[in-house]
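Here's the structure, in structure tokens; my notes come after.
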Amino acid sequence: MASANLRQRHAVGSVDQYRAQSSSGGSSASGSGSLEKKAADNTSSKNPASSGAKEAAGNTTPNASGNKRSLMFAIGGVLTLLGVAGYTFFRQPSVGIHGTAPTDTSDMGATGAAQTALESVAAKHIGARKRLDGLPRKERRNEANRLDMLTEEEVNAVLRAKEDMWCLGSPDSNTMRLRVDTNQVSSNSPIEDYLAWTPLGTNSSATADDKERNATRYMFSVFDGHAGFMCAEQLSIRLGTMLNESLGAIERLADKSNNGDKSNTELVRTIKQLERESGLDWDQIPLALTATFIHMDQQLVHGALAKYRKVQDLARMDELLGPAVSGSCGLVAVLDTKANEVSVGNAGDSRALLGVRLKGGRWKAVRLSEDQTAKNQNELARMAREHPGESSVIYHGRVLGGLMPFRAFGDCRYKWPLEAQQDLFPVLFSHGHRYATTPPNYITPPYVTAKPVIVKHRLSENDKFLVMASDGLYDQLSDDEVVGSVAQWYEANDGGKQGNNPSLFTEDTNAATHLIRTALSTDRLGRRSDSVIRRLLAIPAPHSRRFRDDISVTIVTFDRD
């Protein structure tokens with residue numbers, strides 16, 4: 001493979017960085033390709049299915065919140081009834097405005113031979129789970145390596161079950177057009193990641209097709225959930241709409257002919273406060289992204305708490321407080337095809353990379369985000385400033401010994417006042433929210449923020465594609481390997497256009513599928529082998545979580561012709 005030996009990362013190139021709080025530097029650990037991945041090594045041994053790479057304790061999903069999932073699992077016939085394999089629940093948003101998940105399993109390509117292959121995978125996973133359940137950790141690892149590998153057909157069916165592709169922008173316009181490839185492969189069951197996108201700044205009364213055709217700005221996002229799916233789900237549904245509202249409010253505030261925006265909503269107050277506190281001459285999109293992240297988290301964590309205390313209805317506890325107890329990293333990119341600019345807001349450890357083709361045909365990976373973990377020295381310094389004298393604020397590389405990302409949505413156990421936790425956590429815990437526990441040494445909350453770090457970059461002719469992915473991808477591959485893999489697909493498929501290069505070949509027509517195949521086929525020494533992916537995908541949930549994480553990928557290819 002073209003990417004097999006690309007282990008050295010490149011530093012971020014020349015970009016304008018808008019620091020929403022403190023500068024975010026550092027780099028994440030290089031990817032590993034062994035069957036037992038480093039991201040899963042930190043998982044609680046008592047609960048390997050939990051989001052151990054993010055949160056160090058507890059289970060995730062309350063039973064009461066699974067009703068609509070149960071309906072969706074029932075729709076797809078035999079395949080969905082065997083949904084324990086984790087491949088039948090479609091977490092990618094459909095091609096539309098709000099990114100809600102479709103319920104028709106035919107959208108996942110699970111028909112004919114592919115459906116038969118997925119049924120075979122589900123049956124194999126049931127047998128494998130019986131062999132692995134109850135074994136001590138070391139024996140379970142050894143037994144997992146002895147499981148029968150999936151066939152090539154089964155691997156292809158799993159990899160392609162949730163892939164999608166669409167194009168944005170009018171061919172008649174002078175603006176850059178976009179091809180979007182997305183895919184997800186789960187390890188948790190159900191997957192805790194969501195992908196979402198929306199056109200921005202369009203007429204609210206226009207049809208969906210007109211919005212997609214006429215927009216010049218688009219939002220793409222990756223929400224990597226932990227401690228359950230509920231926070232990421234809400235973000236995928238609500239954040240795009242709120243970002244549009246933020247952009248509209250900023251435009252009205254700047255309209256001197258109309259004496260600015262006279263409204264006094266919480267969102268407008270957040271925008272004004274950011275402008276006052278920073279003293280910066282904010283650009284519109286970085287300001288809108290920052291205000292949206294802050295206001296969205298305020299609603300999920302504190303607004304929901306106030307609403308529940310008002311209604312005091314136990315039947316609505318999961319609905320209102322579930323997204324606050326769970327959490328999610330948030331990676332959001334706004335692509336302005338008219339201005340040829342991309343702005344990326346990041347809270348957590350998902351990552352955005354730019355694929356840049358240099359003279360002579362070489363490729364370079366440029367980071368448009370930095371992981372906000374203990375490997376980021378700027379984040380460590382920020383935490384020390386905000387919690388002086390608290391030696392345990394970062395313990396074992398985690399916030400208060402629990403949470404790996406230093407910035408995230410939700411995660412009320414790091415944000416609520418102690419009084420609120422003591423009042424509500426026992427009830428939430430009894431409802432199945434096993435993360436509803438107060439961390440040790442909880443002295444000066446909040447310890448986690450959703451305030452993003454923003455990077456703005458003007459696109460050049462050499463910038464060919466944008467990769468956005470949850471950290472499960474980067475557990476497997478380095479930045480250069482990611483860009484090298486997508487570059488191979490790009491050159492074999494004529495930049496994502498209809499034709500392809502007969503001198504090159506990629507097995508997958510979808511760029512995201514090709515990248516995930518590369519990731520799951522690469523061992524920790526950077527060597528590619530089909531046996532690696534065939535063995536990894538043979539390990540069922542929850543045991544698979546010790547070997548790999550959920551992987552969710554969006555790739556946006558730029559078409560300037």
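Here, A, B, ... name the chains of the structure tokens in the order displayed, residue numbers run from 1 inside each chain, and ligands are numbered from 1 in the same displayed order.
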
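Using only C-alpha atoms, the residues found no farther than 7 Å from A:Val556, other than those of its own chain fewer than 6 positions away, are Leu178, Arg179, Val180, Asp181, Phe465, Leu466 and Val467 of chain A.
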
With N, CA and C atoms retained, write the just-selected residues as a PDB file, in the first residue's frame.
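Written output follows (result_11.pdb):
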```pdb
ATOM      1  N   LEU A 178     -18.423  19.684  -3.922  1.00  0.00           N
ATOM      2  CA  LEU A 178     -17.930  18.738  -2.925  1.00  0.00           C
ATOM      3  C   LEU A 178     -18.476  17.347  -3.183  1.00  0.00           C
ATOM      4  N   ARG A 179     -17.638  16.361  -2.996  1.00  0.00           N
ATOM      5  CA  ARG A 179     -18.080  14.973  -2.921  1.00  0.00           C
ATOM      6  C   ARG A 179     -17.884  14.530  -1.470  1.00  0.00           C
ATOM      7  N   VAL A 180     -18.902  13.892  -0.892  1.00  0.00           N
ATOM      8  CA  VAL A 180     -18.864  13.486   0.507  1.00  0.00           C
ATOM      9  C   VAL A 180     -18.986  11.965   0.583  1.00  0.00           C
ATOM     10  N   ASP A 181     -18.009  11.313   1.204  1.00  0.00           N
ATOM     11  CA  ASP A 181     -18.039   9.870   1.455  1.00  0.00           C
ATOM     12  C   ASP A 181     -18.055   9.656   2.963  1.00  0.00           C
ATOM     13  N   PHE A 465      -8.527  17.176  -0.146  1.00  0.00           N
ATOM     14  CA  PHE A 465      -9.634  16.555   0.591  1.00  0.00           C
ATOM     15  C   PHE A 465      -9.478  16.800   2.087  1.00  0.00           C
ATOM     16  N   LEU A 466     -10.603  16.669   2.776  1.00  0.00           N
ATOM     17  CA  LEU A 466     -10.672  16.805   4.230  1.00  0.00           C
ATOM     18  C   LEU A 466     -11.120  15.479   4.820  1.00  0.00           C
ATOM     19  N   VAL A 467     -10.399  14.994   5.823  1.00  0.00           N
ATOM     20  CA  VAL A 467     -10.765  13.774   6.539  1.00  0.00           C
ATOM     21  C   VAL A 467     -11.166  14.152   7.955  1.00  0.00           C
TER      22      VAL A 467
END
```

For the helix (DSSP H, G or I) assignment from backbone DSSP, which residues of stretch 118-181 of chain A qualify? Please present them as a compact mmCIF listing (two decimals) with C-alpha atoms, in the first residue's frame.
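Final file, result-v1.txt:
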```
# COMPACT_ATOMS: atom_id res chain seq x y z
CA LEU A 118 -24.15 -10.17 7.49
CA GLU A 119 -26.47 -12.88 8.83
CA SER A 120 -23.50 -15.24 8.78
CA VAL A 121 -21.42 -12.70 10.71
CA ALA A 122 -24.16 -12.32 13.30
CA ALA A 123 -24.37 -16.08 13.77
CA LYS A 124 -20.59 -16.34 14.12
CA HIS A 125 -20.62 -13.55 16.70
CA ILE A 126 -23.22 -15.37 18.79
CA GLY A 127 -21.00 -18.45 18.89
CA ALA A 128 -17.88 -16.42 19.54
CA ARG A 129 -19.53 -14.57 22.41
CA LYS A 130 -20.40 -17.83 24.11
CA ARG A 131 -16.73 -18.84 23.90
CA LEU A 132 -15.47 -15.52 25.30
CA ARG A 137 -8.90 -11.20 30.54
CA LYS A 138 -5.72 -12.99 29.45
CA GLU A 139 -7.55 -16.17 28.49
CA ARG A 140 -10.19 -14.13 26.66
CA ARG A 141 -7.50 -12.39 24.63
CA ASN A 142 -5.91 -15.69 23.69
CA GLU A 143 -9.26 -17.24 22.84
CA ALA A 144 -10.18 -14.24 20.67
CA GLU A 152 -13.59 -11.99 2.44
CA GLU A 153 -17.29 -11.72 1.55
CA GLU A 154 -18.24 -11.25 5.19
CA VAL A 155 -15.59 -8.55 5.67
CA ASN A 156 -16.83 -6.69 2.61
CA ALA A 157 -20.44 -6.89 3.80
CA VAL A 158 -19.54 -5.46 7.21
CA LEU A 159 -17.37 -2.69 5.75
CA ARG A 160 -19.97 -1.60 3.21
```

*Enumerate, as a PyMOL selection string, the complete set of residues in stretch 300-498 of chain A that a backbone-based DSSP assignment places in strand (DSSP E or B).*
chain A and resi 327-336+341-347+351-357+363-367+394-395+398-399+403+407+409-410+449+453-458+463-469

*asked:* Between atom CA of A:Pro323 and atom CA of A:Ser470, what distance in Å does the model show, to one decimal?
replied: 18.9 Å

Sort by chain and increasing residue number a table of all residues of stretch 131-200 of chain A within 8 Å of stretch 215-233 of chain A, each with its closest pair of atoms and their distance in Å to one decimal, counting only C-alpha atoms, and write it as a Markdown table.
```
| residue | atom | partner | partner_atom | distance |
| --- | --- | --- | --- | --- |
| A:Gly169 | CA | A:Ala215 | CA | 7.0 |
| A:Thr175 | CA | A:Thr216 | CA | 7.5 |
| A:Ile191 | CA | A:Phe229 | CA | 7.4 |
| A:Glu192 | CA | A:Phe229 | CA | 4.5 |
| A:Asp193 | CA | A:Asp224 | CA | 4.5 |
| A:Tyr194 | CA | A:Phe223 | CA | 5.1 |
| A:Leu195 | CA | A:Val222 | CA | 4.8 |
| A:Ala196 | CA | A:Ser221 | CA | 5.3 |
| A:Trp197 | CA | A:Phe220 | CA | 4.4 |
| A:Thr198 | CA | A:Met219 | CA | 5.3 |
| A:Pro199 | CA | A:Tyr218 | CA | 4.4 |
| A:Leu200 | CA | A:Arg217 | CA | 5.2 |
```

Residues of the last selection are to be written out with N, CA, C and O atoms, as a CSV table (one decimal), in the first residue's frame.
```
chain,number,residue,atom,x,y,z
A,169,GLY,N,-23.4,21.1,-4.1
A,169,GLY,CA,-23.1,22.2,-5.0
A,169,GLY,C,-23.6,22.0,-6.4
A,169,GLY,O,-23.8,20.9,-6.9
A,175,THR,N,-18.6,28.2,-7.8
A,175,THR,CA,-18.0,27.8,-6.5
A,175,THR,C,-17.6,26.4,-6.5
A,175,THR,O,-18.0,25.6,-7.4
A,191,ILE,N,-23.4,1.2,18.3
A,191,ILE,CA,-22.3,2.2,18.1
A,191,ILE,C,-22.7,3.5,18.8
A,191,ILE,O,-23.9,3.9,18.9
A,192,GLU,N,-21.7,4.2,19.4
A,192,GLU,CA,-22.0,5.4,20.1
A,192,GLU,C,-21.6,6.7,19.3
A,192,GLU,O,-21.8,7.8,19.8
A,193,ASP,N,-21.2,6.6,18.1
A,193,ASP,CA,-20.8,7.7,17.2
A,193,ASP,C,-22.0,8.1,16.4
A,193,ASP,O,-22.8,7.3,16.0
A,194,TYR,N,-22.0,9.4,16.0
A,194,TYR,CA,-22.9,9.9,15.0
A,194,TYR,C,-22.2,10.8,14.1
A,194,TYR,O,-21.2,11.5,14.4
A,195,LEU,N,-22.6,10.8,12.8
A,195,LEU,CA,-22.1,11.7,11.8
A,195,LEU,C,-23.3,12.6,11.4
A,195,LEU,O,-24.4,12.1,11.3
A,196,ALA,N,-23.1,13.9,11.1
A,196,ALA,CA,-24.1,14.8,10.7
A,196,ALA,C,-23.6,15.8,9.8
A,196,ALA,O,-22.4,16.2,9.8
A,197,TRP,N,-24.5,16.4,9.0
A,197,TRP,CA,-24.1,17.5,8.1
A,197,TRP,C,-25.4,18.3,7.8
A,197,TRP,O,-26.5,17.9,8.0
A,198,THR,N,-25.2,19.6,7.4
A,198,THR,CA,-26.3,20.4,7.0
A,198,THR,C,-25.8,21.6,6.2
A,198,THR,O,-24.7,22.1,6.4
A,199,PRO,N,-26.5,22.0,5.2
A,199,PRO,CA,-26.2,23.3,4.5
A,199,PRO,C,-26.5,24.5,5.4
A,199,PRO,O,-27.4,24.4,6.3
A,200,LEU,N,-25.7,25.5,5.3
A,200,LEU,CA,-25.9,26.6,6.2
A,200,LEU,C,-26.3,27.9,5.5
A,200,LEU,O,-25.9,28.1,4.3
```

*asked:* Between A:Tyr435, A:Tyr474, A:Phe425, A:Tyr490, which residue has the minimum interatomic distance to A:Asp349, considering only C-alpha atoms?
replied: A:Tyr474

With 9 Å as the cut-off and only C-alpha atoms counted, what is the closest atom pair between each nearby residue of stretch 301-371 of chain A and stretch 273-287 of chain A? Distances in Å to one decimal, ordered by chain and number, as CSV.
```
residue,atom,partner,partner_atom,distance
A:Val334,CA,A:Ile285,CA,7.7
A:Ser343,CA,A:Pro286,CA,6.8
A:Val344,CA,A:Pro286,CA,8.1
A:Gly345,CA,A:Pro286,CA,7.6
```

Go ahead and write the selection's residues with all heavy atoms as a tab-separated table (two decimals), in the first residue's frame.
```
chain	number	residue	atom	x	y	z
A	334	VAL	N	-16.85	23.76	9.10
A	334	VAL	CA	-17.68	24.57	8.22
A	334	VAL	C	-16.87	24.86	6.97
A	334	VAL	O	-15.81	25.52	7.02
A	334	VAL	CB	-18.13	25.88	8.89
A	334	VAL	CG1	-18.89	26.75	7.88
A	334	VAL	CG2	-19.00	25.58	10.10
A	343	SER	N	-13.28	26.15	8.46
A	343	SER	CA	-13.09	26.44	9.88
A	343	SER	C	-13.49	25.20	10.66
A	343	SER	O	-14.56	24.64	10.44
A	343	SER	CB	-13.96	27.63	10.32
A	343	SER	OG	-13.61	28.80	9.61
A	344	VAL	N	-12.62	24.77	11.57
A	344	VAL	CA	-12.84	23.54	12.32
A	344	VAL	C	-12.90	23.87	13.81
A	344	VAL	O	-11.98	24.51	14.35
A	344	VAL	CB	-11.73	22.51	12.06
A	344	VAL	CG1	-11.94	21.26	12.92
A	344	VAL	CG2	-11.69	22.13	10.59
A	345	GLY	N	-13.99	23.46	14.47
A	345	GLY	CA	-14.11	23.57	15.91
A	345	GLY	C	-14.00	22.19	16.53
A	345	GLY	O	-14.65	21.25	16.07
```

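Of the residues listed (A:Ser485, A:Thr337, A:Gln115, A:Thr554), A:Thr554 shows the shortest atom-to-atom separation from A:Met468; distances use only C-alpha atoms.
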
*Given the choices A:Ala254, A:Ala420, A:Ile294, A:Ala469, which gets closest to A:Ala306 if the distance is worked out from only C-alpha atoms?*
A:Ala420

_Pick from A:Ser460, A:Gln421, A:Asn214, A:Thr265, whichever lies nearest to A:Leu168 using only C-alpha atoms_ = A:Asn214

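Within 9 Å of stretch 267-272 of chain A, once only C-alpha atoms are used and residues closer than 3 positions along the same chain are dropped, the contacting residues are Met242, Glu245, Ser246, Ala249, Ile250, Leu253, Asp261, Ser263, Asn264, Glu275, Arg276, Glu277, Leu287, Ala288, Thr290, Ala291, Thr292, Ile294 and His295 of chain A.
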
*Tell me, as a PyMOL selection string, which residues lie within 12 Å of A:Leu300, counting only C-alpha atoms; anything in the same chain fewer than 3 positions away does not count.*
chain A and resi 230-235+238-239+293-297+303-308+319-328+408-412+415-416+450

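Using only C-alpha atoms, the smallest distance between any of A:Val301, A:Val366, A:Asn244, A:Asp148 and A:Asp480 comes from A:Val366.
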
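Minimum atom-to-atom distances from A:Ile443, A:Ala339, A:Val455, A:Ile533 to A:Gly389 were compared using only C-alpha atoms, and the lowest value belongs to A:Ile443.
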
*asked:* One decimal, in Å: what's the spacing between atom CA of A:Ser170 and atom CA of A:Asp559?
replied: 11.3 Å
